[in-house]
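Chemist: Structure file input.cif (mmCIF, C-alpha atoms) is given on the next line.
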data_start
#
loop_
_atom_site.label_atom_id
_atom_site.label_comp_id
_atom_site.auth_asym_id
_atom_site.auth_seq_id
_atom_site.Cartn_x
_atom_site.Cartn_y
_atom_site.Cartn_z
CA MET N 105 97.79 58.79 209.44
CA ASN N 106 97.90 59.55 213.15
CA HIS N 107 96.27 56.83 215.25
CA ALA N 108 95.08 57.60 218.75
CA ILE N 109 98.07 58.32 220.94
CA PRO N 110 97.98 56.46 224.28
CA PRO N 111 98.79 58.28 227.52
CA ILE N 112 102.50 59.04 227.82
CA SER N 113 102.66 56.91 230.98
CA GLU N 114 101.90 53.85 228.80
CA LEU N 115 104.73 54.64 226.38
CA ILE N 116 107.72 55.40 228.61
CA PRO N 117 109.20 53.67 231.68
CA HIS N 118 108.56 56.58 234.07
CA GLU N 119 105.90 57.70 236.50
CA PRO N 120 105.03 61.20 237.70
CA PRO N 121 106.76 63.41 238.59
CA MET N 122 109.50 62.11 236.28
CA ILE N 123 107.31 62.17 233.17
CA LEU N 124 108.65 65.39 231.68
CA ILE N 125 106.46 65.61 228.56
CA ASP N 126 103.00 67.17 228.82
CA ARG N 127 101.59 66.37 225.37
CA ILE N 128 102.50 64.48 222.23
CA LEU N 129 101.29 66.48 219.24
CA GLU N 130 102.42 64.17 216.44
CA LEU N 131 103.68 60.61 216.52
CA SER N 132 104.53 58.85 213.26
CA ALA N 133 106.71 55.81 212.59
CA ASP N 134 109.83 57.98 212.31
CA CYS N 135 109.04 61.35 213.92
CA VAL N 136 107.72 62.70 217.21
CA HIS N 137 106.65 66.25 218.06
CA ALA N 138 105.74 66.99 221.68
CA GLU N 139 105.55 69.85 224.14
CA THR N 140 106.05 70.56 227.79
CA THR N 141 106.02 73.40 230.26
CA LEU N 142 108.45 73.05 233.15
CA GLN N 143 106.83 74.36 236.31
CA PRO N 144 108.65 76.78 238.62
CA GLY N 145 110.26 74.79 241.42
CA ALA N 146 110.32 71.60 239.35
CA LEU N 147 113.36 69.34 239.13
CA ASP N 148 116.38 71.44 240.14
CA ASP N 149 114.91 74.91 239.52
CA ASN N 150 116.52 77.39 241.89
CA GLY N 151 114.72 80.44 240.55
CA THR N 152 116.88 80.85 237.45
CA GLY N 153 115.35 77.90 235.57
CA VAL N 154 115.97 74.18 235.30
CA SER N 155 119.47 72.96 234.46
CA SER N 156 119.80 72.53 230.71
CA ALA N 157 121.17 69.02 231.37
CA TRP N 158 117.51 68.00 231.71
CA SER N 159 117.04 68.75 228.00
CA LEU N 160 118.59 65.38 227.19
CA GLU N 161 116.06 63.50 229.32
CA ILE N 162 113.15 65.49 227.90
CA VAL N 163 114.07 64.67 224.30
CA ALA N 164 114.90 61.05 225.21
CA GLN N 165 111.41 60.61 226.66
CA ALA N 166 109.89 61.78 223.37
CA CYS N 167 112.05 59.27 221.48
CA ALA N 168 111.05 56.48 223.87
CA ALA N 169 107.37 57.37 223.36
CA LEU N 170 107.77 56.95 219.60
CA ILE N 171 109.35 53.52 220.10
CA GLY N 172 106.66 52.52 222.60
CA GLN N 173 103.88 53.44 220.17
CA HIS N 174 105.18 52.30 216.80
CA TYR N 175 107.46 49.37 217.50
CA ARG N 176 105.29 47.33 219.90
CA ASP N 177 104.52 44.79 217.18
CA GLN N 178 108.26 44.06 216.94
CA GLY N 179 108.39 43.35 220.65
CA PHE N 180 109.81 46.73 221.71
CA ARG N 181 107.77 48.26 224.53
CA GLU N 182 110.08 51.00 225.78
CA GLY N 183 113.33 52.77 224.98
CA ARG N 184 116.28 53.68 227.17
CA LEU N 185 118.89 56.33 226.44
CA ILE N 186 122.32 54.72 226.06
CA LYS N 187 124.31 57.47 224.35
CA SER N 188 124.21 61.08 223.24
CA SER N 189 126.43 62.61 220.58
CA ARG N 190 127.07 66.21 219.67
CA TRP N 191 124.53 67.35 222.29
CA THR N 192 124.71 71.12 222.09
CA LEU N 193 123.23 73.45 224.69
CA SER N 194 122.59 77.11 223.95
CA THR N 195 121.76 78.04 227.54
CA LEU N 196 122.64 77.03 231.08
CA HIS N 197 119.02 76.92 232.22
CA LEU N 198 115.74 75.90 230.64
CA PRO N 199 112.94 78.39 231.21
CA THR N 200 110.05 77.55 233.49
CA ALA N 201 106.42 78.53 232.86
CA GLN N 202 107.12 78.69 229.11
CA LEU N 203 106.02 76.29 226.40
CA LEU N 204 108.88 74.13 225.11
CA THR N 205 108.63 72.00 221.98
CA ILE N 206 110.40 68.72 221.32
CA HIS N 207 111.07 67.31 217.87
CA ALA N 208 112.92 64.08 217.11
CA THR N 209 113.38 62.02 213.97
CA ILE N 210 114.77 58.51 213.55
CA GLU N 211 117.94 58.58 211.45
CA ALA N 212 118.70 54.85 211.66
CA ALA N 213 117.30 51.74 213.32
CA SER N 214 118.43 48.14 213.67
CA ASP N 215 116.49 44.91 214.09
CA MET N 216 118.27 44.55 217.43
CA GLY N 217 116.39 47.56 218.81
CA ILE N 218 119.02 50.28 218.53
CA PHE N 219 117.60 53.58 217.28
CA LEU N 220 119.55 56.70 216.34
CA PHE N 221 117.56 59.92 216.65
CA ASN N 222 118.24 63.55 215.82
CA GLY N 223 116.42 65.66 218.36
CA GLU N 224 115.95 69.20 219.55
CA LEU N 225 114.28 71.20 222.29
CA ARG N 226 112.99 74.70 221.50
CA ALA N 227 111.41 77.67 223.22
CA GLY N 228 109.60 79.41 220.37
CA ASP N 229 112.15 80.00 217.61
CA THR N 230 115.12 79.51 219.93
CA CYS N 231 116.88 76.15 219.91
CA LEU N 232 117.82 75.36 223.52
CA ALA N 233 119.43 71.97 222.87
CA GLU N 234 120.03 69.62 219.96
CA GLY N 235 122.00 66.57 218.96
CA GLN N 236 121.87 62.82 218.45
CA LEU N 237 120.55 60.25 220.88
CA THR N 238 120.99 56.50 220.73
CA ILE N 239 118.09 54.63 222.27
CA LEU N 240 118.05 50.93 223.10
CA ALA N 241 114.56 49.47 222.82
CA ARG N 242 113.53 46.37 224.68
#
So, in terms of structure tokens, how does the structure I just supplied come out?
Modeler:
Amino acid sequence: MNHAIPPISELIPHEPPMILIDRILELSADCVHAETTLQPGALDDNGTGVSSAWSLEIVAQACAALIGQHYRDQGFREGRLIKSSRWTLSTLHLPTAQLLTIHATIEAASDMGIFLFNGELRAGDTCLAEGQLTILAR
């Protein structure tokens, strides 16, 4: 059952313009599905798109939102990216003015607040970036 999802600004330790997710579509105890549209001129866009390095931060923010929503009762209010593994990029630049979808699933979690996620960023059917992220919740 999907409970009301609070504003993203209440779930992650960022403020605009560094909140990179527009909407959370689904947020369960072990999965998050979100979307965003990067605006032309945003971040480091030089007319060819935003550096694909930003894909890691975009997916990490979705993971942190899941932790902020579903693990509050365990004392975890936010998550911070501490490691990425096997992060694969299929492009040098992320498109602007195009809907991007984010999907991440918890693969493992510890009582100490360390969460291992598998995540991906897509533009339609094209996977732009994917891999594992380790998030430390506090």
Chemist: Could you state the separation of atom CA of N:Pro111 and atom CA of N:Tyr175 in Å, given to one decimal place?
Modeler: 16.0 Å
Chemist: For N:Trp191, which residue among N:Val163, N:Ile116, N:Ile109, N:Cys135 is the nearest when counting all atoms listed in the file?
Modeler: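 Comparing N:Val163, N:Ile116, N:Ile109, N:Cys135 against N:Trp191, the winner is N:Val163.
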Chemist: Once the PyMOL selection byres ((chain N and resi 203-210) around 8) has been evaluated on this model, what residues remain selected, and can you format them as a PDB file with C-alpha atoms, in the frame of the given file?
Modeler:
ATOM      1  CA  ASP N 134     109.830  57.980 212.310  1.00  0.00           C
ATOM      2  CA  CYS N 135     109.040  61.350 213.920  1.00  0.00           C
ATOM      3  CA  VAL N 136     107.720  62.700 217.210  1.00  0.00           C
ATOM      4  CA  HIS N 137     106.650  66.250 218.060  1.00  0.00           C
ATOM      5  CA  ALA N 138     105.740  66.990 221.680  1.00  0.00           C
ATOM      6  CA  GLU N 139     105.550  69.850 224.140  1.00  0.00           C
ATOM      7  CA  THR N 140     106.050  70.560 227.790  1.00  0.00           C
ATOM      8  CA  THR N 141     106.020  73.400 230.260  1.00  0.00           C
ATOM      9  CA  LEU N 142     108.450  73.050 233.150  1.00  0.00           C
ATOM     10  CA  ILE N 162     113.150  65.490 227.900  1.00  0.00           C
ATOM     11  CA  VAL N 163     114.070  64.670 224.300  1.00  0.00           C
ATOM     12  CA  ALA N 166     109.890  61.780 223.370  1.00  0.00           C
ATOM     13  CA  CYS N 167     112.050  59.270 221.480  1.00  0.00           C
ATOM     14  CA  ALA N 201     106.420  78.530 232.860  1.00  0.00           C
ATOM     15  CA  GLN N 202     107.120  78.690 229.110  1.00  0.00           C
ATOM     16  CA  GLU N 211     117.940  58.580 211.450  1.00  0.00           C
ATOM     17  CA  ALA N 212     118.700  54.850 211.660  1.00  0.00           C
ATOM     18  CA  ALA N 213     117.300  51.740 213.320  1.00  0.00           C
ATOM     19  CA  PHE N 219     117.600  53.580 217.280  1.00  0.00           C
ATOM     20  CA  LEU N 220     119.550  56.700 216.340  1.00  0.00           C
ATOM     21  CA  PHE N 221     117.560  59.920 216.650  1.00  0.00           C
ATOM     22  CA  ASN N 222     118.240  63.550 215.820  1.00  0.00           C
ATOM     23  CA  GLY N 223     116.420  65.660 218.360  1.00  0.00           C
ATOM     24  CA  GLU N 224     115.950  69.200 219.550  1.00  0.00           C
ATOM     25  CA  LEU N 225     114.280  71.200 222.290  1.00  0.00           C
ATOM     26  CA  ARG N 226     112.990  74.700 221.500  1.00  0.00           C
ATOM     27  CA  ALA N 227     111.410  77.670 223.220  1.00  0.00           C
ATOM     28  CA  GLY N 228     109.600  79.410 220.370  1.00  0.00           C
TER      29      GLY N 228
END
Chemist: Work out how far atom CA of N:Leu160 is from atom CA of N:Glu234, in Å to one decimal.
Modeler: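 Atom-to-atom, atom CA of N:Glu234 to atom CA of N:Leu160, that is 8.5 Å.
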Chemist: So, counting only C-alpha atoms, which residue among N:Thr192, N:Ala169, N:Lys187, N:Met122 is closest to N:Ala146?
Modeler: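 Closest residue, counting only C-alpha atoms: N:Met122.
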Chemist: Starting from the shown file, work through the PyMOL selection byres ((chain N and resi 242) around 8) and note down what comes out as a PDB file with C-alpha atoms, keeping the file's coordinate frame.
Modeler:
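What landed in selection_7.pdb:
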ATOM      1  CA  GLY N 179     108.390  43.350 220.650  1.00  0.00           C
ATOM      2  CA  PHE N 180     109.810  46.730 221.710  1.00  0.00           C
ATOM      3  CA  ARG N 181     107.770  48.260 224.530  1.00  0.00           C
ATOM      4  CA  GLU N 182     110.080  51.000 225.780  1.00  0.00           C
ATOM      5  CA  GLY N 183     113.330  52.770 224.980  1.00  0.00           C
ATOM      6  CA  GLY N 217     116.390  47.560 218.810  1.00  0.00           C
ATOM      7  CA  LEU N 240     118.050  50.930 223.100  1.00  0.00           C
ATOM      8  CA  ALA N 241     114.560  49.470 222.820  1.00  0.00           C
TER       9      ALA N 241
END
Chemist: Just checking: using all atoms listed in the file, which residue out of N:Leu198, N:Ile128, N:Leu170, N:Ala133 ends up closest to N:Leu147?
Modeler: N:Leu198
Chemist: I need the output of the PyMOL selection byres ((chain N and resi 150-159) around 6) for this file as a list in words; which residues are they?
Modeler: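 Listing what the PyMOL selection byres ((chain N and resi 150-159) around 6) selects in the shown file: Asp148, Asp149, Leu160, Glu161, Ile162, Leu196, His197, Leu198, Pro199 and Thr200 of chain N.
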Chemist: Set up a box along x, y and z of the file covering all listed atoms of stretch 143-157 of chain N, add 5 Å on every one of the six sides, and write the centre and edge lengths in Å to one decimal, as lines of an AutoDock Vina configuration file.
Modeler:
center_x = 114.0
center_y = 74.9
center_z = 236.3
size_x = 24.3
size_y = 21.8
size_z = 21.2
Chemist: What is the distance between atom CA of N:Thr230 and atom CA of N:Ile186, in Å to one decimal?
Modeler: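 Separating atom CA of N:Thr230 from atom CA of N:Ile186 is a distance of 26.5 Å.
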Chemist: Using only C-alpha atoms for the distances, tell me which of N:Gly172, N:Gly235, N:Pro120, N:Pro144 is nearest to N:Arg190.
Modeler: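 That would be N:Gly235, the residue with the smallest distance to N:Arg190.
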Chemist: For a quick check of understanding, using only C-alpha atoms, which of N:Glu119, N:Asp126, N:Asp229, N:Asp215 has the smallest distance to N:Gln143?
Modeler: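 Closest candidate: N:Asp126.
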Chemist: Just checking: using only C-alpha atoms, which residue out of N:Ile112, N:Met216, N:Ile171, N:Leu193 ends up closest to N:Leu232?
Modeler: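 Using only C-alpha atoms, N:Leu232 sits closest to N:Leu193.
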